[in-house]
file my_file.cif (mmCIF, C-alpha atoms)
data_start
#
loop_
_atom_site.label_atom_id
_atom_site.label_comp_id
_atom_site.auth_asym_id
_atom_site.auth_seq_id
_atom_site.Cartn_x
_atom_site.Cartn_y
_atom_site.Cartn_z
CA MET A 83 92.07 68.12 -47.36
CA PRO A 84 94.82 69.35 -45.00
CA HIS A 85 94.21 68.36 -41.40
CA GLY A 86 94.68 71.91 -40.15
CA ASP A 87 91.81 73.18 -42.32
CA ARG A 88 89.17 71.05 -40.62
CA GLY A 89 88.70 73.65 -37.86
CA ARG A 90 87.90 76.43 -40.34
CA ARG A 91 84.23 77.42 -40.46
CA VAL A 92 82.54 77.32 -43.84
CA HIS A 93 79.79 79.87 -44.45
CA LEU A 94 77.17 78.56 -46.87
CA ASP A 95 74.21 80.69 -45.79
CA THR A 96 74.61 83.86 -47.83
CA ALA A 97 70.91 83.73 -48.71
CA GLY A 98 70.18 84.16 -45.00
CA LEU A 99 72.93 86.61 -44.07
CA GLY A 100 76.02 87.32 -46.12
CA ARG A 101 79.42 87.74 -44.52
CA MET A 102 80.08 91.47 -44.46
CA PRO A 103 83.36 92.47 -46.15
CA ALA A 104 86.07 93.69 -43.80
CA ALA A 105 85.89 97.22 -45.21
CA ALA A 106 82.13 97.43 -44.65
CA ARG A 107 82.35 96.02 -41.14
CA ALA A 108 85.09 98.50 -40.28
CA GLN A 109 82.92 101.41 -41.48
CA LEU A 110 79.93 100.11 -39.53
CA THR A 111 82.01 99.88 -36.35
CA GLU A 112 83.72 103.25 -36.82
CA TRP A 113 80.56 105.26 -37.48
CA THR A 114 78.56 103.49 -34.79
CA ARG A 115 81.23 104.52 -32.30
CA HIS A 116 81.27 108.02 -33.75
CA GLU A 117 77.53 108.36 -33.31
CA ASP A 118 77.77 107.04 -29.75
CA ARG A 119 80.42 109.61 -28.85
CA HIS A 120 79.28 112.65 -30.79
CA GLY A 121 75.59 112.13 -31.45
CA PRO A 122 73.75 111.47 -34.70
CA TYR A 123 74.01 114.87 -36.37
CA GLU A 124 77.59 114.58 -37.61
CA VAL A 125 76.88 111.12 -38.95
CA ASP A 126 73.73 112.34 -40.70
CA GLU A 127 75.67 115.19 -42.32
CA HIS A 128 78.39 112.79 -43.47
CA VAL A 129 75.75 110.44 -44.92
CA HIS A 130 73.84 113.26 -46.65
CA HIS A 131 76.81 115.14 -48.16
CA VAL A 132 79.36 112.38 -48.78
CA VAL A 133 77.87 108.90 -48.67
CA ARG A 134 74.48 109.22 -50.37
CA PRO A 135 75.76 110.65 -53.69
CA GLU A 136 78.21 107.74 -53.96
CA LEU A 137 75.68 105.17 -52.81
CA ASP A 138 72.93 106.38 -55.15
CA ALA A 139 75.30 106.14 -58.11
CA ARG A 140 76.42 102.65 -57.11
CA LEU A 141 72.86 101.44 -56.62
CA ALA A 142 71.82 102.86 -59.97
CA ALA A 143 74.69 101.09 -61.71
CA LEU A 144 73.98 97.84 -59.86
CA LEU A 145 70.28 97.84 -60.76
CA GLY A 146 70.48 99.36 -64.23
CA ALA A 147 68.22 102.22 -63.18
CA PRO A 148 68.44 106.03 -63.09
CA ALA A 149 69.86 107.25 -59.79
CA GLY A 150 66.83 109.41 -59.07
CA ASP A 151 64.50 106.41 -59.26
CA THR A 152 66.05 104.38 -56.41
CA VAL A 153 65.35 104.80 -52.71
CA LEU A 154 66.76 103.21 -49.58
CA THR A 155 64.40 101.25 -47.34
CA THR A 156 64.62 98.98 -44.32
CA GLY A 157 64.09 95.94 -46.56
CA ALA A 158 62.45 94.68 -49.74
CA ALA A 159 59.31 93.46 -47.96
CA ASP A 160 58.88 96.81 -46.22
CA ALA A 161 59.13 98.68 -49.53
CA PHE A 162 56.60 96.35 -51.18
CA ALA A 163 54.22 96.76 -48.24
CA ALA A 164 54.49 100.56 -48.35
CA LEU A 165 53.92 100.99 -52.09
CA VAL A 166 51.75 98.20 -53.52
CA PRO A 167 48.67 98.59 -51.26
CA ARG A 168 48.18 102.15 -52.52
CA LEU A 169 47.80 101.20 -56.16
CA PRO A 170 44.41 102.34 -57.51
CA LEU A 171 42.95 98.93 -58.40
CA GLY A 172 39.24 98.15 -58.67
CA PRO A 173 36.75 95.28 -59.07
CA GLY A 174 37.47 94.84 -62.77
CA ASP A 175 41.21 94.32 -62.27
CA ARG A 176 43.27 91.17 -61.97
CA ILE A 177 46.55 90.59 -60.12
CA TRP A 178 48.94 87.84 -61.18
CA THR A 179 51.46 86.25 -58.89
CA THR A 180 53.36 82.93 -58.93
CA PRO A 181 53.55 79.82 -56.74
CA TYR A 182 57.03 80.97 -55.65
CA GLU A 183 55.82 84.26 -54.13
CA GLY A 184 57.06 84.90 -50.59
CA VAL A 185 54.57 85.06 -47.75
CA ALA A 186 55.21 88.74 -46.94
CA ASN A 187 54.42 89.95 -50.46
CA LEU A 188 51.59 87.45 -50.80
CA THR A 189 49.96 88.88 -47.70
CA VAL A 190 50.17 92.39 -49.17
CA LEU A 191 48.60 91.19 -52.42
CA THR A 192 45.82 89.46 -50.52
CA ALA A 193 45.03 92.63 -48.58
CA LEU A 194 45.02 94.64 -51.80
CA ARG A 195 42.63 92.14 -53.37
CA ASP A 196 40.30 92.39 -50.38
CA ARG A 197 40.32 96.20 -50.40
CA ALA A 198 39.96 96.63 -54.16
CA ARG A 199 37.60 93.66 -54.61
CA CYS A 200 39.72 92.54 -57.55
CA ARG A 201 41.00 89.08 -58.41
CA LEU A 202 44.28 87.48 -57.37
CA GLU A 203 45.39 84.68 -59.67
CA VAL A 204 48.39 82.33 -59.60
CA VAL A 205 50.20 81.72 -62.87
CA PRO A 206 50.48 77.95 -63.44
CA LEU A 207 53.73 76.01 -63.65
CA ARG A 208 54.98 73.80 -66.41
CA PRO A 209 55.61 70.15 -65.49
CA ASP A 210 59.33 70.93 -65.05
CA GLY A 211 58.59 73.67 -62.50
CA ASP A 212 59.16 76.71 -64.69
CA LEU A 213 56.45 79.33 -65.01
CA ASP A 214 54.20 78.72 -67.98
CA LEU A 215 55.14 81.68 -70.17
CA GLU A 216 52.96 80.43 -73.00
CA TRP A 217 49.97 80.59 -70.67
CA MET A 218 50.94 84.14 -69.67
CA ALA A 219 51.22 85.24 -73.30
CA ALA A 220 47.85 83.67 -74.13
CA HIS A 221 45.95 85.11 -71.14
CA ILE A 222 47.43 88.59 -70.69
CA ASP A 223 44.89 91.35 -71.22
CA ASP A 224 44.40 94.92 -70.15
CA ASP A 225 42.40 93.85 -67.11
CA VAL A 226 45.67 92.50 -65.61
CA ALA A 227 46.72 95.51 -63.55
CA LEU A 228 49.65 94.11 -61.56
CA VAL A 229 52.06 91.20 -61.99
CA SER A 230 54.28 90.29 -59.03
CA VAL A 231 57.17 87.89 -59.62
CA VAL A 232 60.08 86.76 -57.46
CA HIS A 233 63.39 86.51 -59.34
CA VAL A 234 64.78 83.78 -57.07
CA PRO A 235 62.50 82.43 -54.32
CA ALA A 236 63.52 81.92 -50.71
CA GLY A 237 63.01 78.17 -50.67
CA CYS A 238 64.80 76.87 -53.77
CA GLY A 239 67.28 77.91 -56.43
CA ILE A 240 65.07 78.31 -59.50
CA VAL A 241 65.76 81.45 -61.55
CA THR A 242 62.60 83.02 -62.95
CA PRO A 243 63.01 84.41 -66.50
CA VAL A 244 62.06 87.93 -65.45
CA GLU A 245 63.26 89.54 -68.68
CA ASP A 246 61.15 87.17 -70.80
CA ILE A 247 58.14 87.97 -68.62
CA GLY A 248 58.82 91.68 -69.05
CA ARG A 249 58.70 91.32 -72.83
CA ILE A 250 55.33 89.55 -72.58
CA LEU A 251 53.90 92.28 -70.37
CA ALA A 252 55.42 95.30 -72.13
CA PRO A 253 52.59 95.96 -74.63
CA HIS A 254 49.98 95.97 -71.88
CA ARG A 255 49.01 98.48 -69.21
CA CYS A 256 49.89 96.32 -66.17
CA LEU A 257 52.54 97.27 -63.63
CA TYR A 258 55.32 94.73 -63.17
CA ALA A 259 56.94 94.17 -59.73
CA VAL A 260 60.03 91.99 -59.23
CA ASP A 261 61.37 90.84 -55.87
CA ALA A 262 65.14 90.55 -56.36
CA SER A 263 66.03 89.95 -52.70
CA TYR A 264 67.71 86.59 -53.37
CA ALA A 265 68.99 87.50 -56.83
CA VAL A 266 70.78 90.83 -56.58
CA GLY A 267 74.43 90.29 -55.81
CA GLN A 268 74.58 86.78 -57.23
CA LEU A 269 72.88 87.34 -60.60
CA SER A 270 72.78 90.21 -63.04
CA VAL A 271 69.75 92.35 -62.17
CA HIS A 272 69.00 95.14 -64.64
CA ALA A 273 65.68 96.94 -64.24
CA GLY A 274 65.87 98.39 -67.74
CA ARG A 275 66.23 94.99 -69.41
CA ILE A 276 63.62 93.42 -67.11
CA GLY A 277 61.12 96.15 -67.94
CA CYS A 278 59.66 96.27 -64.44
CA GLN A 279 58.18 99.31 -62.70
CA LEU A 280 59.06 98.16 -59.17
CA LEU A 281 62.17 96.25 -58.16
CA THR A 282 62.93 95.55 -54.50
CA GLY A 283 65.94 93.99 -52.82
CA ASP A 284 67.73 93.37 -49.53
CA ALA A 285 71.31 94.44 -48.86
CA TRP A 286 72.23 91.83 -46.26
CA ARG A 287 72.16 88.74 -48.45
CA PHE A 288 74.36 88.40 -51.55
CA LEU A 289 75.41 92.06 -51.45
CA ARG A 290 76.79 91.41 -47.92
CA GLY A 291 75.71 94.74 -46.51
CA PRO A 292 74.31 95.42 -43.02
CA GLU A 293 71.01 94.04 -41.80
CA SER A 294 67.76 96.01 -42.03
CA VAL A 295 68.85 97.90 -45.15
CA GLY A 296 67.20 97.43 -48.52
CA PHE A 297 66.27 99.40 -51.60
CA ALA A 298 63.59 99.87 -54.21
CA TYR A 299 63.57 101.06 -57.79
CA ALA A 300 60.31 102.84 -58.65
CA ALA A 301 59.80 103.70 -62.31
CA PRO A 302 57.99 106.88 -63.36
CA GLU A 303 54.94 104.82 -64.38
CA LEU A 304 54.65 103.46 -60.84
CA ARG A 305 55.05 106.87 -59.26
CA GLN A 306 52.36 108.22 -61.56
CA ALA A 307 49.98 105.40 -60.58
CA LEU A 308 50.66 106.08 -56.90
CA ALA A 309 50.23 109.85 -57.18
CA PRO A 310 46.49 109.98 -56.31
CA ASN A 311 46.98 108.04 -53.07
CA GLY A 312 50.59 108.86 -52.24
CA THR A 313 53.04 106.33 -50.85
CA GLY A 314 53.06 104.63 -47.51
CA SER A 315 55.58 105.27 -44.80
CA LEU A 316 58.92 104.39 -46.38
CA VAL A 317 61.22 104.58 -43.39
CA PRO A 318 64.79 105.05 -44.66
CA PRO A 319 67.75 103.49 -42.85
CA GLU A 320 70.12 105.97 -41.31
CA GLY A 321 73.59 106.47 -39.95
CA ALA A 322 76.26 103.81 -39.82
CA SER A 323 74.26 101.19 -41.72
CA VAL A 324 74.10 103.43 -44.81
CA VAL A 325 77.85 104.05 -44.63
CA ALA A 326 78.45 100.30 -44.35
CA LEU A 327 76.26 99.53 -47.37
CA ASN A 328 78.17 102.06 -49.43
CA ALA A 329 81.42 100.38 -48.41
CA ALA A 330 80.03 96.93 -49.28
CA LEU A 331 78.98 98.09 -52.75
CA ALA A 332 82.37 99.71 -53.26
CA VAL A 333 84.06 96.31 -53.01
CA HIS A 334 81.26 94.33 -54.63
CA GLU A 335 82.37 92.67 -57.83
CA ASP A 336 80.19 92.19 -60.84
CA ALA A 337 78.15 89.02 -60.63
CA VAL A 338 80.62 86.16 -61.02
CA PRO A 339 79.02 82.86 -62.06
CA VAL A 340 78.77 80.46 -59.13
CA GLY A 341 77.00 77.81 -61.17
CA GLY A 342 79.96 75.44 -61.11
CA LEU A 343 80.25 75.55 -57.33
CA ALA A 344 76.49 75.24 -56.84
CA ALA A 345 76.50 72.25 -59.21
CA VAL A 346 79.09 70.56 -56.99
CA LEU A 347 76.81 71.09 -53.98
CA ARG A 348 73.79 69.70 -55.86
CA THR A 349 75.81 66.64 -56.86
CA ALA A 350 76.82 66.08 -53.24
CA VAL A 351 73.15 66.16 -52.24
CA GLU A 352 72.06 63.87 -55.08
CA GLU A 353 74.69 61.31 -54.08
CA THR A 354 73.56 61.31 -50.44
CA PRO A 355 71.25 58.40 -49.57
CA GLY A 356 67.86 59.67 -48.42
CA ALA A 357 68.39 63.22 -49.67
CA GLU A 358 65.63 64.89 -51.69
CA LEU A 359 66.93 67.72 -53.85
CA ILE A 360 64.46 70.59 -54.35
CA ALA A 361 65.47 71.94 -57.76
CA PRO A 362 62.47 72.80 -59.96
CA GLY A 363 63.01 74.51 -63.27
CA ARG A 364 65.69 74.46 -65.94
CA VAL A 365 67.89 77.30 -64.63
CA GLN A 366 69.36 77.21 -61.12
CA SER A 367 71.11 79.85 -59.00
CA GLY A 368 73.62 79.56 -56.18
CA ILE A 369 70.92 78.30 -53.78
CA VAL A 370 70.61 74.56 -53.19
CA SER A 371 67.72 73.21 -51.11
CA PHE A 372 67.08 69.68 -49.93
CA ARG A 373 65.55 67.58 -47.20
CA HIS A 374 66.42 64.15 -45.83
CA ALA A 375 64.07 61.22 -45.40
CA GLU A 376 65.24 60.38 -41.87
CA MET A 377 66.76 63.53 -40.35
CA PRO A 378 64.61 66.71 -40.19
CA ALA A 379 66.03 69.95 -41.51
CA GLY A 380 66.56 71.56 -38.10
CA PRO A 381 68.66 68.77 -36.55
CA LEU A 382 70.57 68.34 -39.82
CA ARG A 383 71.39 72.04 -39.96
CA ARG A 384 72.64 71.90 -36.37
CA ALA A 385 74.67 68.77 -37.10
CA LEU A 386 76.39 70.53 -39.98
CA ALA A 387 77.02 73.61 -37.82
CA ALA A 388 78.65 71.39 -35.18
CA ARG A 389 81.05 70.30 -37.92
CA GLY A 390 81.88 73.87 -38.90
CA VAL A 391 79.55 74.19 -41.93
CA ILE A 392 76.96 76.96 -41.61
CA VAL A 393 73.84 76.50 -43.73
CA GLY A 394 70.28 77.82 -43.52
CA LYS A 395 66.81 76.37 -43.16
CA THR A 396 63.54 77.33 -44.80
CA VAL A 397 59.98 76.41 -43.87
CA ALA A 398 57.01 75.84 -46.14
CA GLN A 399 55.23 78.93 -44.81
CA GLU A 400 57.82 81.16 -46.49
CA THR A 401 56.39 80.19 -49.88
CA PRO A 402 52.92 78.89 -48.93
CA LEU A 403 51.69 78.34 -52.48
CA TYR A 404 54.56 76.00 -53.34
CA SER A 405 54.96 72.61 -51.64
CA PRO A 406 57.35 70.32 -53.51
CA GLY A 407 58.12 66.65 -53.18
CA ARG A 408 56.84 64.68 -50.24
CA GLY A 409 55.27 67.75 -48.63
CA GLY A 410 57.75 68.25 -45.81
CA THR A 411 57.53 71.53 -44.00
CA ALA A 412 61.23 72.43 -43.81
CA THR A 413 64.31 72.16 -46.00
CA VAL A 414 68.02 72.72 -45.59
CA ARG A 415 69.17 75.66 -47.72
CA VAL A 416 72.79 75.91 -48.85
CA SER A 417 73.85 79.10 -50.64
CA VAL A 418 77.20 80.07 -52.07
CA HIS A 419 78.82 83.43 -52.72
CA HIS A 420 81.62 84.46 -55.04
CA ASP A 421 84.08 84.22 -52.16
CA ASN A 422 83.30 80.55 -51.48
CA SER A 423 85.77 78.02 -52.83
CA ALA A 424 85.93 74.44 -54.06
CA TRP A 425 87.33 73.57 -50.63
CA ASP A 426 84.12 74.87 -49.03
CA ALA A 427 82.03 72.64 -51.28
CA ALA A 428 84.20 69.62 -50.47
CA ARG A 429 83.94 70.34 -46.76
CA PHE A 430 80.15 70.52 -47.03
CA ALA A 431 80.02 67.13 -48.76
CA GLU A 432 82.24 65.61 -46.07
CA ALA A 433 80.25 67.16 -43.21
CA LEU A 434 76.99 65.96 -44.77
CA ARG A 435 78.30 62.40 -44.92
CA GLU A 436 79.45 62.61 -41.30
CA ALA A 437 76.16 64.09 -40.08
CA LEU A 438 74.15 61.35 -41.78
CA ALA A 439 76.42 58.45 -40.91
CA GLY A 440 74.25 55.46 -40.07
CA HIS A 441 71.28 56.63 -42.15
CA HIS A 442 70.73 54.36 -45.16
CA ALA A 443 67.81 55.65 -47.19
CA VAL A 444 67.42 55.72 -50.96
CA PRO A 445 68.38 59.07 -52.59
CA THR A 446 65.62 60.96 -54.38
CA ALA A 447 65.34 64.22 -56.28
CA VAL A 448 62.62 66.74 -57.00
CA ARG A 449 63.71 68.49 -60.17
CA ALA A 450 60.24 69.35 -61.41
CA ALA A 451 57.12 70.57 -59.69
CA ALA A 452 54.00 68.52 -59.39
CA ALA A 453 51.27 69.09 -61.96
CA ALA A 454 50.27 72.11 -59.90
CA PRO A 455 51.50 73.49 -56.58
CA ALA A 456 49.57 73.07 -53.37
CA ALA A 457 48.15 76.02 -51.47
CA VAL A 458 47.89 76.31 -47.72
CA ALA A 459 44.23 76.42 -46.71
CA ALA A 460 42.75 77.89 -43.57
CA SER A 461 42.58 74.47 -41.94
CA GLY A 462 46.27 73.90 -42.55
CA GLY A 463 45.66 71.31 -45.26
CA ALA A 464 46.51 71.51 -48.93
CA VAL A 465 44.08 72.38 -51.69
CA ALA A 466 45.16 71.12 -55.09
CA ALA A 467 44.76 73.34 -58.12
CA PRO A 468 44.15 72.14 -61.66
CA ALA A 469 47.20 71.67 -63.86
CA ALA A 470 46.01 74.20 -66.42
CA GLY A 471 44.71 77.70 -65.91
CA PRO A 472 45.25 80.12 -63.03
CA ARG A 473 44.22 79.62 -59.45
CA ALA A 474 42.03 82.43 -58.16
CA VAL A 475 43.01 83.19 -54.59
CA SER A 476 39.93 84.34 -52.69
CA ALA A 477 39.13 84.77 -49.03
CA GLY A 478 35.65 83.36 -49.15
CA SER A 479 34.16 82.92 -52.59
CA VAL A 480 34.58 80.85 -55.72
CA ALA A 481 36.26 82.98 -58.38
CA GLY A 482 36.23 82.29 -62.08
CA ALA A 483 39.41 81.53 -63.99
CA GLY A 484 38.59 83.12 -67.30
CA ALA A 485 38.99 80.82 -70.26
CA ALA A 486 40.37 78.09 -68.03
CA GLY A 487 37.06 77.74 -66.16
CA ASP A 488 36.11 78.09 -62.53
CA VAL A 489 38.48 76.83 -59.86
CA PRO A 490 37.98 76.36 -56.12
CA ALA A 491 38.98 79.29 -53.96
CA VAL A 492 41.76 78.92 -51.43
CA ARG A 493 42.61 81.03 -48.45
CA VAL A 494 46.03 82.61 -48.25
CA PRO A 495 47.50 82.57 -44.74
CA ARG A 496 48.52 85.79 -43.12
CA PRO A 497 51.98 86.11 -41.53
CA ARG A 498 52.60 87.06 -37.95
CA ARG A 499 56.06 88.08 -36.87
CA THR A 500 57.58 86.13 -34.02
CA ALA A 501 60.88 86.61 -32.23
CA GLY A 502 63.55 87.36 -34.80
CA ARG A 503 63.29 89.52 -37.89
CA ARG A 504 63.37 86.74 -40.47
CA HIS A 505 61.06 84.22 -38.79
CA LEU A 506 57.37 84.16 -39.70
CA ALA A 507 54.50 82.11 -38.33
CA LEU A 508 51.21 81.83 -40.15
CA VAL A 509 47.73 82.54 -38.89
CA SER A 510 44.60 82.19 -40.98
CA ALA A 511 43.25 85.27 -42.69
CA PRO A 512 39.76 86.16 -41.47
CA ALA A 513 36.89 85.53 -43.84
CA PRO A 514 34.72 88.47 -44.99
CA ASP A 515 32.07 87.57 -42.42
CA GLY A 516 34.63 87.81 -39.61
CA THR A 517 34.98 84.08 -38.99
CA ALA A 518 38.40 82.50 -38.85
#

call {"tool": "encode", "arguments": {"input": "my_file.cif", "output": "structure tokens"}}
result
Amino acid sequence: MPHGDRGRRVHLDTAGLGRMPAAARAQLTEWTRHEDRHGPYEVDEHVHHVVRPELDARLAALLGAPAGDTVLTTGAADAFAALVPRLPLGPGDRIWTTPYEGVANLTVLTALRDRARCRLEVVPLRPDGDLDLEWMAAHIDDDVALVSVVHVPAGCGIVTPVEDIGRILAPHRCLYAVDASYAVGQLSVHAGRIGCQLLTGDAWRFLRGPESVGFAYAAPELRQALAPNGTGSLVPPEGASVVALNAALAVHEDAVPVGGLAAVLRTAVEETPGAELIAPGRVQSGIVSFRHAEMPAGPLRRALAARGVIVGKTVAQETPLYSPGRGGTATVRVSVHHDNSAWDAARFAEALREALAGHHAVPTAVRAAAAAPAAVAASGGAVAAPAAGPRAVSAGSVAGAGAAGDVPAVRVPRPRRTAGRRHLALVSAPAPDGTA
């Protein structure tokens, strides 16, 4: 590569925070200054009369949903936490989630289970890491009241077949929630084709909008189910951030395949001695996760940053029901956007070689999940689940697994926010008797 290009910084952390387009950043700066000089009322009027009609139409087109069924929120997790706990579930109901569920949504589901005294079950994985759709089709019944699925998880690049799941669930009475935070903007996300009643997303990742802005699509069936209890406090974003999101969506292109570029990154990892690629499932997105046998994820991320390549890091607590490979707690996460180039991928491969110079381990790969994922128990250890049948997640009792038989209960950890909006630390959920 040309010598003069070596000083250019390469951004490969869109999954953490996308680079805002120049037009969106200019709008954010302009209207922030305007609010500082003239107060919030003029900005609010501009947002209400000019920006929101455009933004609602763009969001509806992006998500394949009627404009009146989408709302702005401060983030996908906030929307999920405001709506899902108010669903009218009872002791005879079951909730399904997956091993890839994020800790924020998992905590909400656990609290709902505790309040409603219903069951929370984890759909098993196939040996290759994909969700077992045949198991879902065989075990779905009208006592399944809610199914929560993440389209692309935070910790790896697997793409969940959300449309196939929607077709399985369609004949039944359950509500279907999809977390598209890491999918929207890099993949086609169409609520109508998915068949979900709740779809949540963040604007600051692959859509490259401002931080602390997200959105939710709520279908009429969901609103009807929520009517007896109302909705929680959905705090909408305001002012300059809304203007900036509208500007970002105005320049957002339709999802352009980044599979070729992501494949180059995966190959670079696979060819690196000591690197363990985390790539379960048959379909991958523009997120590539790995760890190294000798250099932890944090130092490796910093070593790449020192060489001008910005990548992210994930920790096991972000997806506590999924623990791939050797059981390390952190991975390096590389994520590409449509504006990344082949040069960026080549620079990453070069920086990775430089950062690991002197380390001579044998390369490995984790392309498939173990027979079943591990769950984080209250003691911090892992509790293995059987390869077949769901895992019933319970705070303090042994729950049955239907036709699959009884399985040991595991305790889902509860998140506690620490410094920084996107960093979570786990504390044990209290047992029903009040003990830790």

call {"tool": "atom_distance", "arguments": {"input": "my_file.cif", "atom1": "atom CA of Val365 of chain A", "atom2": "atom CA of Thr282 of chain A"}}
result
21.5 Å

call {"tool": "closest_residue", "arguments": {"input": "my_file.cif", "among": "A:Leu169, A:Ala161, A:Val325, A:Leu269", "to": "His128 of chain A", "atoms": "all atoms listed in the file"}}
result
A:Val325

call {"tool": "residues_around", "arguments": {"input": "my_file.cif", "residues": "Leu343 of chain A", "least_positions_apart": "6", "cutoff": "8 Å", "atoms": "only C-alpha atoms", "output": "MDAnalysis selection string"}}
result
chainID A and resid 368 418 423:424 427

call {"tool": "atom_distance", "arguments": {"input": "my_file.cif", "atom1": "atom CA of Met102 of chain A", "atom2": "atom CA of Asn328 of chain A"}}
result
11.9 Å

call {"tool": "axis_aligned_box", "arguments": {"input": "my_file.cif", "around": "segment 141-157 of chain A", "padding_each_side": "4 Å", "output": "JSON"}}
result
{"center_x": 69.4, "center_y": 102.7, "center_z": -54.3, "size_x": 18.6, "size_y": 21.5, "size_z": 27.9}

call {"tool": "atom_distance", "arguments": {"input": "my_file.cif", "atom1": "atom CA of Glu320 of chain A", "atom2": "atom CA of Pro235 of chain A"}}
result
28.0 Å

call {"tool": "closest_residue", "arguments": {"input": "my_file.cif", "among": "A:Val393, A:Ala344, A:Ala332, A:Ala412", "to": "Glu358 of chain A", "atoms": "all atoms listed in the file"}}
result
A:Ala412

call {"tool": "residues_around", "arguments": {"input": "my_file.cif", "residues": "Pro167 of chain A", "least_positions_apart": "6", "cutoff": "8 Å", "atoms": "all atoms listed in the file", "output": "list in words"}}
result
Val190, Leu191, Ala193 and Leu194 of chain A

call {"tool": "closest_residue", "arguments": {"input": "my_file.cif", "among": "A:Val129, A:Ala273, A:Val185, A:Met377", "to": "Gly356 of chain A", "atoms": "all atoms listed in the file"}}
result
A:Met377

call {"tool": "residues_around", "arguments": {"input": "my_file.cif", "residues": "Val333 of chain A", "least_positions_apart": "6", "cutoff": "10 Å", "atoms": "all atoms listed in the file", "output": "ChimeraX atom specification"}}
result
/A:103-106,289

call {"tool": "decode", "arguments": {"input": "my_file.cif", "residues": "segment 139-150 of chain A", "atoms": "N, CA, C and O atoms", "output": "PDB file, in the first residue's frame"}}
result
ATOM      1  N   ALA A 139     -41.461   9.096   7.782  1.00  0.00           N
ATOM      2  CA  ALA A 139     -41.580   8.438   6.482  1.00  0.00           C
ATOM      3  C   ALA A 139     -40.335   7.627   6.164  1.00  0.00           C
ATOM      4  O   ALA A 139     -40.427   6.507   5.634  1.00  0.00           O
ATOM      5  N   ARG A 140     -39.165   8.166   6.494  1.00  0.00           N
ATOM      6  CA  ARG A 140     -37.921   7.447   6.216  1.00  0.00           C
ATOM      7  C   ARG A 140     -37.781   6.207   7.096  1.00  0.00           C
ATOM      8  O   ARG A 140     -37.316   5.159   6.644  1.00  0.00           O
ATOM      9  N   LEU A 141     -38.167   6.334   8.358  1.00  0.00           N
ATOM     10  CA  LEU A 141     -38.114   5.175   9.245  1.00  0.00           C
ATOM     11  C   LEU A 141     -39.075   4.082   8.780  1.00  0.00           C
ATOM     12  O   LEU A 141     -38.734   2.884   8.793  1.00  0.00           O
ATOM     13  N   ALA A 142     -40.266   4.485   8.364  1.00  0.00           N
ATOM     14  CA  ALA A 142     -41.241   3.510   7.903  1.00  0.00           C
ATOM     15  C   ALA A 142     -40.723   2.762   6.682  1.00  0.00           C
ATOM     16  O   ALA A 142     -40.848   1.536   6.590  1.00  0.00           O
ATOM     17  N   ALA A 143     -40.112   3.494   5.755  1.00  0.00           N
ATOM     18  CA  ALA A 143     -39.567   2.853   4.562  1.00  0.00           C
ATOM     19  C   ALA A 143     -38.400   1.944   4.920  1.00  0.00           C
ATOM     20  O   ALA A 143     -38.258   0.849   4.367  1.00  0.00           O
ATOM     21  N   LEU A 144     -37.563   2.380   5.836  1.00  0.00           N
ATOM     22  CA  LEU A 144     -36.399   1.592   6.243  1.00  0.00           C
ATOM     23  C   LEU A 144     -36.817   0.285   6.883  1.00  0.00           C
ATOM     24  O   LEU A 144     -36.219  -0.773   6.631  1.00  0.00           O
ATOM     25  N   LEU A 145     -37.863   0.320   7.726  1.00  0.00           N
ATOM     26  CA  LEU A 145     -38.267  -0.841   8.507  1.00  0.00           C
ATOM     27  C   LEU A 145     -39.405  -1.632   7.877  1.00  0.00           C
ATOM     28  O   LEU A 145     -39.795  -2.669   8.417  1.00  0.00           O
ATOM     29  N   GLY A 146     -39.932  -1.171   6.755  1.00  0.00           N
ATOM     30  CA  GLY A 146     -41.048  -1.871   6.143  1.00  0.00           C
ATOM     31  C   GLY A 146     -42.268  -1.882   7.034  1.00  0.00           C
ATOM     32  O   GLY A 146     -42.939  -2.905   7.190  1.00  0.00           O
ATOM     33  N   ALA A 147     -42.579  -0.733   7.631  1.00  0.00           N
ATOM     34  CA  ALA A 147     -43.675  -0.640   8.590  1.00  0.00           C
ATOM     35  C   ALA A 147     -44.476   0.631   8.324  1.00  0.00           C
ATOM     36  O   ALA A 147     -43.936   1.614   7.820  1.00  0.00           O
ATOM     37  N   PRO A 148     -45.762   0.644   8.676  1.00  0.00           N
ATOM     38  CA  PRO A 148     -46.543   1.876   8.540  1.00  0.00           C
ATOM     39  C   PRO A 148     -45.951   2.991   9.396  1.00  0.00           C
ATOM     40  O   PRO A 148     -45.478   2.755  10.512  1.00  0.00           O
ATOM     41  N   ALA A 149     -45.976   4.202   8.877  1.00  0.00           N
ATOM     42  CA  ALA A 149     -45.368   5.326   9.582  1.00  0.00           C
ATOM     43  C   ALA A 149     -45.968   5.534  10.964  1.00  0.00           C
ATOM     44  O   ALA A 149     -45.277   5.896  11.906  1.00  0.00           O
ATOM     45  N   GLY A 150     -47.243   5.306  11.116  1.00  0.00           N
ATOM     46  CA  GLY A 150     -47.892   5.539  12.398  1.00  0.00           C
ATOM     47  C   GLY A 150     -47.547   4.515  13.452  1.00  0.00           C
ATOM     48  O   GLY A 150     -47.920   4.689  14.619  1.00  0.00           O
TER      49      GLY A 150
END
